[in-house]
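In what follows, a single structure is set out as structure tokens and then discussed.
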2 protein chains.
Amino acid sequence: MKIGILGSGNVGGTLGKRWAQAGHQVLFSVREAPPAALVETVRQAGPGAKTASVAETARGSDIVLLATPWDAAQQALGSAGDLTGKIVIDATNPLLPDLSGLAVGTTISAGEKVAQWAKGAKVVKALNTVGFNVMADPRFEGGPVAMFYCGDDGEAKRAVASLIADLGFEPLDAGPLSQARLLEPFAMLWISMALKYGYGRDIGFRLLRRAGNA
Amino acid sequence: MKIGILGSGNVGGTLGKRWAQAGHQVLFSVREAPPAALVETVRQAGPGAKTASVAETARGSDIVLLATPWDAAQQALGSAGDLTGKIVIDATNPLLPDLSGLAVGTTISAGEKVAQWAKGAKVVKALNTVGFNVMADPRFEGGPVAMFYCGDDGEAKRAVASLIADLGFEPLDAGPLSQARLLEPFAMLWISMALKYGYGRDIGFRLLRRAGNA
């Protein structure tokens, strides 16, 4: 698949590189000359990856990963041009600047706002619930790590699930896009545990199942 | 420990029975004559368990488990009398009547509202993130299942962590009580996956860890 990365930082860089190494074509958006870290990322990503403007990135991609800081998300989508029919993976979290919580409450979500802004696009909320270090290598003893996704378009969700599986996660369909109201606080929980409450960044959650009565 | 159960339904009944079987003294609150299901629960719980009025349950307990429906929580706490110094485990979720979401957003939580109502009590949010069937038996292949707790009083949290461990969960300290704003959506995620999106009720999450760089 052709994947465009809006926001080529830790999350976007990590995911884009891994998807490129898995055989996908990846465009990393840049505003000016790419920073040194991104040049290195693209080199490591291999021949399937290159940089492009925001508009070219969106135009040249079937799937757009939104991995900007939250306060840059609306503008990035505005610069991306017409997104009608594109799959947009919203990996953002609407974090307050001091990481103390979410700027968007449970009666709305960043995912749904993204869907309003990305008119006509098939928005899937995903890849927002662990840090980039886990995305870089989701292998844990006792794994696989779970990765939720939610959205309103079945075909888009199947495509995103496949990309999530490419990364080594177990893709978990969490329902419609409004479920982003739950995945975003879940991400905040991961973040606070990893960064504030002593668990460190090398944590993830696995879904356990068993034969049951219900 | 002496544990009082406010809300002796599926969650309260399951937890109270298991704690009683683990050697704790448990009071199940009832308003009138106990229903047949609760009589059976108390029988199974053994000699450490009995029923009592709401006020007696609270007065006779060091730890009060709040496991009522959300719309009954405020009244139950009002009927409980003085809770100063008590540990209150808030296992409620502020669910909308049709289970379509949470009635309380991320700028406040049920846990924090409980702390306002239960004046002087040491409120710990916990045991709200899986169904009672998992609480009844948290053994999964590849487990243990994680159980979060959060609160503002260290001693109360340690006591609750011990009770959570008694059940067979891995207790996970998620920080201060305001983290209930995250645990409640996490619970909603479990609920929606279990009941609406095809995973069934026999699911849980495990925390995976590994030696990391961060």
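Each chain in the structure tokens gets a letter, A, B, ..., in the order shown, and its residues are numbered from 1; ligands are numbered from 1 in order too.
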Show me a table, sorted first by chain and then by increasing residue number, of the residues of chain A having an atom at most 8 Å from chain B, each with its shortest atom pair and the distance in Å to one decimal, counting only C-alpha atoms and written as CSV.
```
residue,atom,partner,partner_atom,distance
A:Leu102,CA,B:Thr106,CA,7.1
A:Val104,CA,B:Thr106,CA,7.7
A:Gly105,CA,B:Thr106,CA,5.0
A:Thr106,CA,B:Gly105,CA,5.0
A:Thr107,CA,B:Gly105,CA,6.8
A:Phe140,CA,B:Arg210,CA,6.6
A:Glu141,CA,B:Leu208,CA,7.5
A:Gly142,CA,B:Gly142,CA,6.5
A:Gly143,CA,B:Leu208,CA,7.1
A:Val145,CA,B:Leu208,CA,7.7
A:Asp173,CA,B:Tyr197,CA,7.6
A:Ala174,CA,B:Met193,CA,6.3
A:Gly175,CA,B:Tyr197,CA,6.3
A:Gln179,CA,B:Leu189,CA,7.7
A:Arg181,CA,B:Pro185,CA,7.6
A:Leu182,CA,B:Pro185,CA,5.0
A:Leu183,CA,B:Leu189,CA,7.5
A:Pro185,CA,B:Leu182,CA,5.0
A:Phe186,CA,B:Phe186,CA,5.7
A:Met188,CA,B:Leu182,CA,7.0
A:Leu189,CA,B:Leu182,CA,5.9
A:Ser192,CA,B:Ala174,CA,7.8
A:Met193,CA,B:Ala174,CA,6.3
A:Tyr197,CA,B:Gly175,CA,6.3
A:Gly200,CA,B:Ala214,CA,6.3
A:Arg201,CA,B:Ala214,CA,5.9
A:Asp202,CA,B:Gly212,CA,5.5
A:Ile203,CA,B:Arg209,CA,4.7
A:Gly204,CA,B:Leu208,CA,5.2
A:Phe205,CA,B:Leu207,CA,4.7
A:Arg206,CA,B:Arg206,CA,5.2
A:Leu207,CA,B:Phe205,CA,4.7
A:Leu208,CA,B:Gly204,CA,5.2
A:Arg209,CA,B:Ile203,CA,4.7
A:Arg210,CA,B:Asp202,CA,5.9
A:Ala211,CA,B:Asp202,CA,6.9
A:Gly212,CA,B:Asp202,CA,5.5
A:Asn213,CA,B:Asp202,CA,8.0
A:Ala214,CA,B:Arg201,CA,6.0
```
Residues of the last selection are to be written out with N, CA and C atoms, as an mmCIF file, in the first residue's frame.
```
data_model
loop_
_atom_site.group_PDB
_atom_site.id
_atom_site.type_symbol
_atom_site.label_atom_id
_atom_site.label_comp_id
_atom_site.auth_asym_id
_atom_site.auth_seq_id
_atom_site.Cartn_x
_atom_site.Cartn_y
_atom_site.Cartn_z
ATOM 1 N N LEU A 102 -6.467 15.013 29.041
ATOM 2 C CA LEU A 102 -6.935 15.150 27.666
ATOM 3 C C LEU A 102 -7.673 16.471 27.494
ATOM 4 N N VAL A 104 -9.883 16.930 25.232
ATOM 5 C CA VAL A 104 -11.174 16.635 24.626
ATOM 6 C C VAL A 104 -11.862 15.557 25.455
ATOM 7 N N GLY A 105 -13.099 15.811 25.832
ATOM 8 C CA GLY A 105 -13.782 14.923 26.770
ATOM 9 C C GLY A 105 -14.481 13.760 26.100
ATOM 10 N N THR A 106 -15.180 12.997 26.899
ATOM 11 C CA THR A 106 -15.779 11.770 26.384
ATOM 12 C C THR A 106 -17.071 11.995 25.606
ATOM 13 N N THR A 107 -17.540 13.218 25.527
ATOM 14 C CA THR A 107 -18.708 13.464 24.680
ATOM 15 C C THR A 107 -18.279 13.766 23.249
ATOM 16 N N PHE A 140 7.044 -8.799 23.063
ATOM 17 C CA PHE A 140 7.178 -8.966 24.509
ATOM 18 C C PHE A 140 7.017 -10.446 24.791
ATOM 19 N N GLU A 141 7.732 -10.908 25.792
ATOM 20 C CA GLU A 141 7.470 -12.252 26.273
ATOM 21 C C GLU A 141 6.029 -12.279 26.778
ATOM 22 N N GLY A 142 5.277 -13.267 26.357
ATOM 23 C CA GLY A 142 3.872 -13.313 26.762
ATOM 24 C C GLY A 142 2.965 -12.502 25.867
ATOM 25 N N GLY A 143 3.514 -11.933 24.779
ATOM 26 C CA GLY A 143 2.743 -11.098 23.876
ATOM 27 C C GLY A 143 1.806 -11.913 23.017
ATOM 28 N N VAL A 145 1.283 -7.698 21.927
ATOM 29 C CA VAL A 145 0.643 -6.501 22.451
ATOM 30 C C VAL A 145 -0.613 -6.207 21.628
ATOM 31 N N ASP A 173 -10.513 -4.863 16.904
ATOM 32 C CA ASP A 173 -11.586 -3.983 16.437
ATOM 33 C C ASP A 173 -12.387 -3.510 17.641
ATOM 34 N N ALA A 174 -12.347 -2.218 17.884
ATOM 35 C CA ALA A 174 -13.034 -1.665 19.057
ATOM 36 C C ALA A 174 -14.354 -1.005 18.697
ATOM 37 N N GLY A 175 -14.815 -1.167 17.437
ATOM 38 C CA GLY A 175 -16.112 -0.629 17.082
ATOM 39 C C GLY A 175 -16.039 0.643 16.250
ATOM 40 N N GLN A 179 -15.787 5.311 19.414
ATOM 41 C CA GLN A 179 -15.016 4.608 20.438
ATOM 42 C C GLN A 179 -13.657 5.272 20.687
ATOM 43 N N ARG A 181 -13.410 7.935 21.859
ATOM 44 C CA ARG A 181 -13.614 8.552 23.185
ATOM 45 C C ARG A 181 -13.073 7.665 24.300
ATOM 46 N N LEU A 182 -12.935 6.380 24.010
ATOM 47 C CA LEU A 182 -12.412 5.440 25.005
ATOM 48 C C LEU A 182 -10.943 5.131 24.750
ATOM 49 N N LEU A 183 -10.572 5.056 23.495
ATOM 50 C CA LEU A 183 -9.168 4.742 23.184
ATOM 51 C C LEU A 183 -8.249 5.898 23.567
ATOM 52 N N PRO A 185 -8.580 8.090 26.222
ATOM 53 C CA PRO A 185 -8.226 7.951 27.639
ATOM 54 C C PRO A 185 -7.346 6.725 27.920
ATOM 55 N N PHE A 186 -7.547 5.647 27.182
ATOM 56 C CA PHE A 186 -6.696 4.470 27.367
ATOM 57 C C PHE A 186 -5.246 4.819 27.054
ATOM 58 N N MET A 188 -3.983 7.798 27.329
ATOM 59 C CA MET A 188 -3.547 8.662 28.431
ATOM 60 C C MET A 188 -3.133 7.830 29.636
ATOM 61 N N LEU A 189 -3.809 6.720 29.839
ATOM 62 C CA LEU A 189 -3.452 5.814 30.930
ATOM 63 C C LEU A 189 -2.067 5.221 30.682
ATOM 64 N N SER A 192 0.542 7.972 31.198
ATOM 65 C CA SER A 192 0.781 8.358 32.592
ATOM 66 C C SER A 192 1.515 7.254 33.344
ATOM 67 N N MET A 193 1.186 6.000 33.055
ATOM 68 C CA MET A 193 1.900 4.895 33.701
ATOM 69 C C MET A 193 3.355 4.865 33.255
ATOM 70 N N TYR A 197 4.187 7.249 36.558
ATOM 71 C CA TYR A 197 3.921 6.384 37.704
ATOM 72 C C TYR A 197 4.839 5.176 37.782
ATOM 73 N N GLY A 200 7.692 2.842 33.355
ATOM 74 C CA GLY A 200 8.612 2.944 32.232
ATOM 75 C C GLY A 200 7.893 2.729 30.906
ATOM 76 N N ARG A 201 8.597 3.042 29.829
ATOM 77 C CA ARG A 201 7.967 3.030 28.511
ATOM 78 C C ARG A 201 7.859 1.632 27.914
ATOM 79 N N ASP A 202 8.507 0.654 28.507
ATOM 80 C CA ASP A 202 8.462 -0.694 27.922
ATOM 81 C C ASP A 202 7.343 -1.527 28.512
ATOM 82 N N ILE A 203 6.149 -1.037 28.309
ATOM 83 C CA ILE A 203 4.959 -1.744 28.760
ATOM 84 C C ILE A 203 3.931 -1.780 27.622
ATOM 85 N N GLY A 204 3.101 -2.769 27.678
ATOM 86 C CA GLY A 204 2.008 -2.887 26.715
ATOM 87 C C GLY A 204 0.947 -3.770 27.333
ATOM 88 N N PHE A 205 -0.192 -3.838 26.687
ATOM 89 C CA PHE A 205 -1.254 -4.691 27.193
ATOM 90 C C PHE A 205 -1.598 -5.759 26.177
ATOM 91 N N ARG A 206 -1.843 -6.929 26.699
ATOM 92 C CA ARG A 206 -2.264 -8.042 25.859
ATOM 93 C C ARG A 206 -3.704 -8.408 26.198
ATOM 94 N N LEU A 207 -4.462 -8.728 25.178
ATOM 95 C CA LEU A 207 -5.811 -9.243 25.408
ATOM 96 C C LEU A 207 -5.731 -10.723 25.739
ATOM 97 N N LEU A 208 -6.275 -11.105 26.865
ATOM 98 C CA LEU A 208 -6.385 -12.512 27.240
ATOM 99 C C LEU A 208 -7.812 -12.976 26.966
ATOM 100 N N ARG A 209 -7.927 -14.185 26.465
ATOM 101 C CA ARG A 209 -9.251 -14.754 26.174
ATOM 102 C C ARG A 209 -9.307 -16.161 26.741
ATOM 103 N N ARG A 210 -10.487 -16.638 26.907
ATOM 104 C CA ARG A 210 -10.661 -18.035 27.299
ATOM 105 C C ARG A 210 -12.067 -18.449 26.892
ATOM 106 N N ALA A 211 -12.271 -19.738 26.805
ATOM 107 C CA ALA A 211 -13.619 -20.227 26.536
ATOM 108 C C ALA A 211 -14.484 -19.868 27.732
ATOM 109 N N GLY A 212 -15.625 -19.266 27.480
ATOM 110 C CA GLY A 212 -16.459 -18.810 28.589
ATOM 111 C C GLY A 212 -17.891 -19.234 28.410
ATOM 112 N N ASN A 213 -18.685 -18.871 29.377
ATOM 113 C CA ASN A 213 -20.101 -19.233 29.331
ATOM 114 C C ASN A 213 -20.921 -18.194 28.582
ATOM 115 N N ALA A 214 -20.401 -17.002 28.502
ATOM 116 C CA ALA A 214 -21.238 -15.893 28.005
ATOM 117 C C ALA A 214 -20.997 -15.645 26.522
#
```
* Mind listing the helix (DSSP H, G or I) residues of segment 66-180 of chain B, per DSSP on the backbone, as a ChimeraX atom specification? => /B:70-79,110-117,132-136,154-166,177-180
Selected residues written out, N, CA and C atoms, as a compact mmCIF listing (two decimals), in the first residue's frame:
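out.txt was written with the following content:
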```txt
# COMPACT_ATOMS: atom_id res chain seq x y z
N TRP B 70 -24.62 3.33 38.97
CA TRP B 70 -24.15 4.70 39.14
C TRP B 70 -25.25 5.60 39.68
N ASP B 71 -26.48 5.43 39.22
CA ASP B 71 -27.54 6.35 39.65
C ASP B 71 -28.00 6.08 41.08
N ALA B 72 -27.49 5.04 41.70
CA ALA B 72 -27.82 4.75 43.09
C ALA B 72 -26.65 5.05 44.02
N ALA B 73 -25.53 5.46 43.45
CA ALA B 73 -24.31 5.59 44.25
C ALA B 73 -24.40 6.72 45.28
N GLN B 74 -24.89 7.87 44.84
CA GLN B 74 -24.93 9.01 45.76
C GLN B 74 -25.83 8.72 46.95
N GLN B 75 -26.99 8.13 46.66
CA GLN B 75 -27.92 7.82 47.74
C GLN B 75 -27.36 6.76 48.69
N ALA B 76 -26.71 5.75 48.13
CA ALA B 76 -26.14 4.70 48.98
C ALA B 76 -25.11 5.29 49.94
N LEU B 77 -24.29 6.20 49.43
CA LEU B 77 -23.28 6.81 50.28
C LEU B 77 -23.93 7.71 51.34
N GLY B 78 -25.03 8.37 50.95
CA GLY B 78 -25.75 9.19 51.92
C GLY B 78 -26.33 8.34 53.04
N SER B 79 -26.82 7.15 52.70
CA SER B 79 -27.40 6.26 53.70
C SER B 79 -26.34 5.59 54.56
N ALA B 110 -16.39 9.76 37.98
CA ALA B 110 -17.23 9.20 39.04
C ALA B 110 -16.43 9.06 40.33
N GLY B 111 -15.18 8.62 40.21
CA GLY B 111 -14.34 8.45 41.39
C GLY B 111 -14.19 9.73 42.19
N GLU B 112 -13.99 10.83 41.50
CA GLU B 112 -13.84 12.11 42.20
C GLU B 112 -15.16 12.60 42.78
N LYS B 113 -16.24 12.32 42.09
CA LYS B 113 -17.55 12.69 42.64
C LYS B 113 -17.83 11.87 43.90
N VAL B 114 -17.48 10.60 43.85
CA VAL B 114 -17.64 9.76 45.04
C VAL B 114 -16.86 10.35 46.21
N ALA B 115 -15.66 10.82 45.92
CA ALA B 115 -14.84 11.41 46.98
C ALA B 115 -15.48 12.67 47.55
N GLN B 116 -16.18 13.42 46.71
CA GLN B 116 -16.90 14.60 47.22
C GLN B 116 -18.06 14.18 48.13
N TRP B 117 -18.75 13.14 47.72
CA TRP B 117 -19.94 12.71 48.47
C TRP B 117 -19.56 11.96 49.75
N PHE B 132 -17.95 -8.93 36.26
CA PHE B 132 -17.94 -9.74 37.48
C PHE B 132 -17.50 -11.17 37.20
N ASN B 133 -17.75 -11.65 35.98
CA ASN B 133 -17.33 -13.02 35.67
C ASN B 133 -15.81 -13.17 35.71
N VAL B 134 -15.10 -12.12 35.35
CA VAL B 134 -13.64 -12.17 35.44
C VAL B 134 -13.20 -11.99 36.89
N MET B 135 -13.92 -11.17 37.62
CA MET B 135 -13.61 -11.04 39.05
C MET B 135 -13.82 -12.36 39.76
N ALA B 136 -14.81 -13.11 39.31
CA ALA B 136 -15.10 -14.40 39.93
C ALA B 136 -13.95 -15.37 39.76
N GLY B 154 -1.97 6.87 50.26
CA GLY B 154 -1.06 5.74 50.02
C GLY B 154 -1.41 4.50 50.82
N GLU B 155 -1.79 4.70 52.08
CA GLU B 155 -2.10 3.56 52.92
C GLU B 155 -3.37 2.85 52.42
N ALA B 156 -4.34 3.65 52.06
CA ALA B 156 -5.58 3.07 51.52
C ALA B 156 -5.30 2.30 50.24
N LYS B 157 -4.44 2.84 49.41
CA LYS B 157 -4.12 2.17 48.15
C LYS B 157 -3.40 0.84 48.39
N ARG B 158 -2.50 0.83 49.37
CA ARG B 158 -1.80 -0.43 49.66
C ARG B 158 -2.77 -1.50 50.15
N ALA B 159 -3.73 -1.06 50.95
CA ALA B 159 -4.73 -2.02 51.45
C ALA B 159 -5.57 -2.57 50.30
N VAL B 160 -5.97 -1.68 49.42
CA VAL B 160 -6.80 -2.12 48.29
C VAL B 160 -5.98 -3.01 47.35
N ALA B 161 -4.72 -2.67 47.16
CA ALA B 161 -3.86 -3.50 46.31
C ALA B 161 -3.79 -4.93 46.85
N SER B 162 -3.73 -5.03 48.16
CA SER B 162 -3.68 -6.35 48.79
C SER B 162 -4.97 -7.13 48.54
N LEU B 163 -6.08 -6.44 48.60
CA LEU B 163 -7.37 -7.09 48.33
C LEU B 163 -7.49 -7.50 46.86
N ILE B 164 -6.94 -6.69 46.03
CA ILE B 164 -6.97 -7.03 44.59
C ILE B 164 -6.12 -8.28 44.34
N ALA B 165 -4.97 -8.32 44.99
CA ALA B 165 -4.10 -9.50 44.85
C ALA B 165 -4.80 -10.75 45.40
N ASP B 166 -5.56 -10.58 46.46
CA ASP B 166 -6.33 -11.70 47.01
C ASP B 166 -7.22 -12.34 45.95
N LEU B 177 -6.40 9.81 42.41
CA LEU B 177 -7.81 9.53 42.14
C LEU B 177 -8.28 10.13 40.83
N SER B 178 -7.68 11.24 40.44
CA SER B 178 -8.12 11.87 39.18
C SER B 178 -7.89 10.94 37.99
N GLN B 179 -7.08 9.93 38.16
CA GLN B 179 -6.89 8.94 37.11
C GLN B 179 -8.15 8.10 36.86
N ALA B 180 -9.10 8.21 37.72
CA ALA B 180 -10.39 7.57 37.46
C ALA B 180 -10.98 8.08 36.15
```
* To do: Measure the distance from atom CA of Lys2 of chain A to atom CA of Gly85 of chain A in Å and round it to one decimal.
  =>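 Computed distance, atom CA of Lys2 of chain A to atom CA of Gly85 of chain A, equals 13.9 Å.
Computed from the coordinates, the atom CA of Asp90 of chain A to atom CA of Gly7 of chain A distance equals 11.1 Å.
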* If you count only C-alpha atoms, which residues fall within 10 Å of Pro69 of chain A, apart from same-chain ones fewer than 6 positions away, as a ChimeraX atom specification? -> /A:7,9,76,91-95,97
* Do you know which residues are at most 10 Å from segment 42-50 of chain B counting only C-alpha atoms, after dropping those on the same chain fewer than 2 positions away, and could you put them as a list of chain:residue names? ->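 The filter keeps B:Lys2, B:Ile3, B:Gly4, B:Gly13, B:Thr14, B:Leu15, B:Gly16, B:Lys17, B:Arg18, B:Trp19, B:Ala20, B:Gln21, B:Ala22, B:Gly23, B:His24, B:Gln25, B:Val26, B:Leu27, B:Phe28, B:Ser29, B:Pro34, B:Ala36, B:Ala37, B:Leu38, B:Val39, B:Glu40, B:Ala52, B:Thr57.
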* By how many Å are atom CA of Val11 of chain A and atom CA of Asn128 of chain A apart? ->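 Result for atom CA of Val11 of chain A versus atom CA of Asn128 of chain A: 9.0 Å, one decimal.
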* Expected answer as a list in words: strand (DSSP E) residues in segment 104-187 of chain B ->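 Result set for segment 104-187 of chain B (strand (DSSP E)): Lys122, Val123, Val124, Lys125, Ala126, Ala146, Met147, Phe148, Tyr149, Cys150, Gly151, Glu170, Pro171, Leu172 and Asp173 of chain B.
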Prev. selection, N, CA and C atoms, output as a PDB file, in the first residue's frame:
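Saved result, again03.pdb, follows:
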```pdb
ATOM      1  N   LYS B 122     -11.305   7.779  52.377  1.00  0.00           N
ATOM      2  CA  LYS B 122     -10.149   7.594  51.495  1.00  0.00           C
ATOM      3  C   LYS B 122     -10.600   6.790  50.281  1.00  0.00           C
ATOM      4  N   VAL B 123     -10.938   7.458  49.253  1.00  0.00           N
ATOM      5  CA  VAL B 123     -11.538   6.788  48.095  1.00  0.00           C
ATOM      6  C   VAL B 123     -10.457   6.244  47.167  1.00  0.00           C
ATOM      7  N   VAL B 124     -10.594   5.011  46.792  1.00  0.00           N
ATOM      8  CA  VAL B 124      -9.716   4.370  45.807  1.00  0.00           C
ATOM      9  C   VAL B 124     -10.591   3.874  44.665  1.00  0.00           C
ATOM     10  N   LYS B 125     -10.297   4.270  43.494  1.00  0.00           N
ATOM     11  CA  LYS B 125     -11.018   3.750  42.332  1.00  0.00           C
ATOM     12  C   LYS B 125     -10.377   2.439  41.933  1.00  0.00           C
ATOM     13  N   ALA B 126     -11.153   1.400  41.831  1.00  0.00           N
ATOM     14  CA  ALA B 126     -10.599   0.085  41.493  1.00  0.00           C
ATOM     15  C   ALA B 126     -11.721  -0.866  41.141  1.00  0.00           C
ATOM     16  N   ALA B 146      -4.682  -7.776  34.638  1.00  0.00           N
ATOM     17  CA  ALA B 146      -4.341  -6.534  35.338  1.00  0.00           C
ATOM     18  C   ALA B 146      -5.573  -5.933  36.000  1.00  0.00           C
ATOM     19  N   MET B 147      -5.392  -5.347  37.161  1.00  0.00           N
ATOM     20  CA  MET B 147      -6.460  -4.566  37.787  1.00  0.00           C
ATOM     21  C   MET B 147      -5.877  -3.253  38.298  1.00  0.00           C
ATOM     22  N   PHE B 148      -6.351  -2.182  37.740  1.00  0.00           N
ATOM     23  CA  PHE B 148      -5.876  -0.854  38.117  1.00  0.00           C
ATOM     24  C   PHE B 148      -6.553  -0.369  39.393  1.00  0.00           C
ATOM     25  N   TYR B 149      -5.812   0.446  40.101  1.00  0.00           N
ATOM     26  CA  TYR B 149      -6.421   1.182  41.202  1.00  0.00           C
ATOM     27  C   TYR B 149      -5.762   2.551  41.261  1.00  0.00           C
ATOM     28  N   CYS B 150      -6.507   3.535  41.722  1.00  0.00           N
ATOM     29  CA  CYS B 150      -5.939   4.878  41.875  1.00  0.00           C
ATOM     30  C   CYS B 150      -6.595   5.564  43.049  1.00  0.00           C
ATOM     31  N   GLY B 151      -5.878   6.444  43.673  1.00  0.00           N
ATOM     32  CA  GLY B 151      -6.393   7.156  44.839  1.00  0.00           C
ATOM     33  C   GLY B 151      -5.362   8.117  45.372  1.00  0.00           C
ATOM     34  N   GLU B 170      -3.324  -8.954  39.041  1.00  0.00           N
ATOM     35  CA  GLU B 170      -2.111  -8.184  39.288  1.00  0.00           C
ATOM     36  C   GLU B 170      -2.521  -6.733  39.558  1.00  0.00           C
ATOM     37  N   PRO B 171      -2.315  -6.251  40.781  1.00  0.00           N
ATOM     38  CA  PRO B 171      -2.707  -4.867  41.092  1.00  0.00           C
ATOM     39  C   PRO B 171      -1.753  -3.887  40.425  1.00  0.00           C
ATOM     40  N   LEU B 172      -2.301  -2.869  39.787  1.00  0.00           N
ATOM     41  CA  LEU B 172      -1.483  -1.870  39.107  1.00  0.00           C
ATOM     42  C   LEU B 172      -1.861  -0.489  39.617  1.00  0.00           C
ATOM     43  N   ASP B 173      -0.907   0.158  40.249  1.00  0.00           N
ATOM     44  CA  ASP B 173      -1.121   1.510  40.763  1.00  0.00           C
ATOM     45  C   ASP B 173      -1.150   2.486  39.589  1.00  0.00           C
TER      46      ASP B 173
END
```
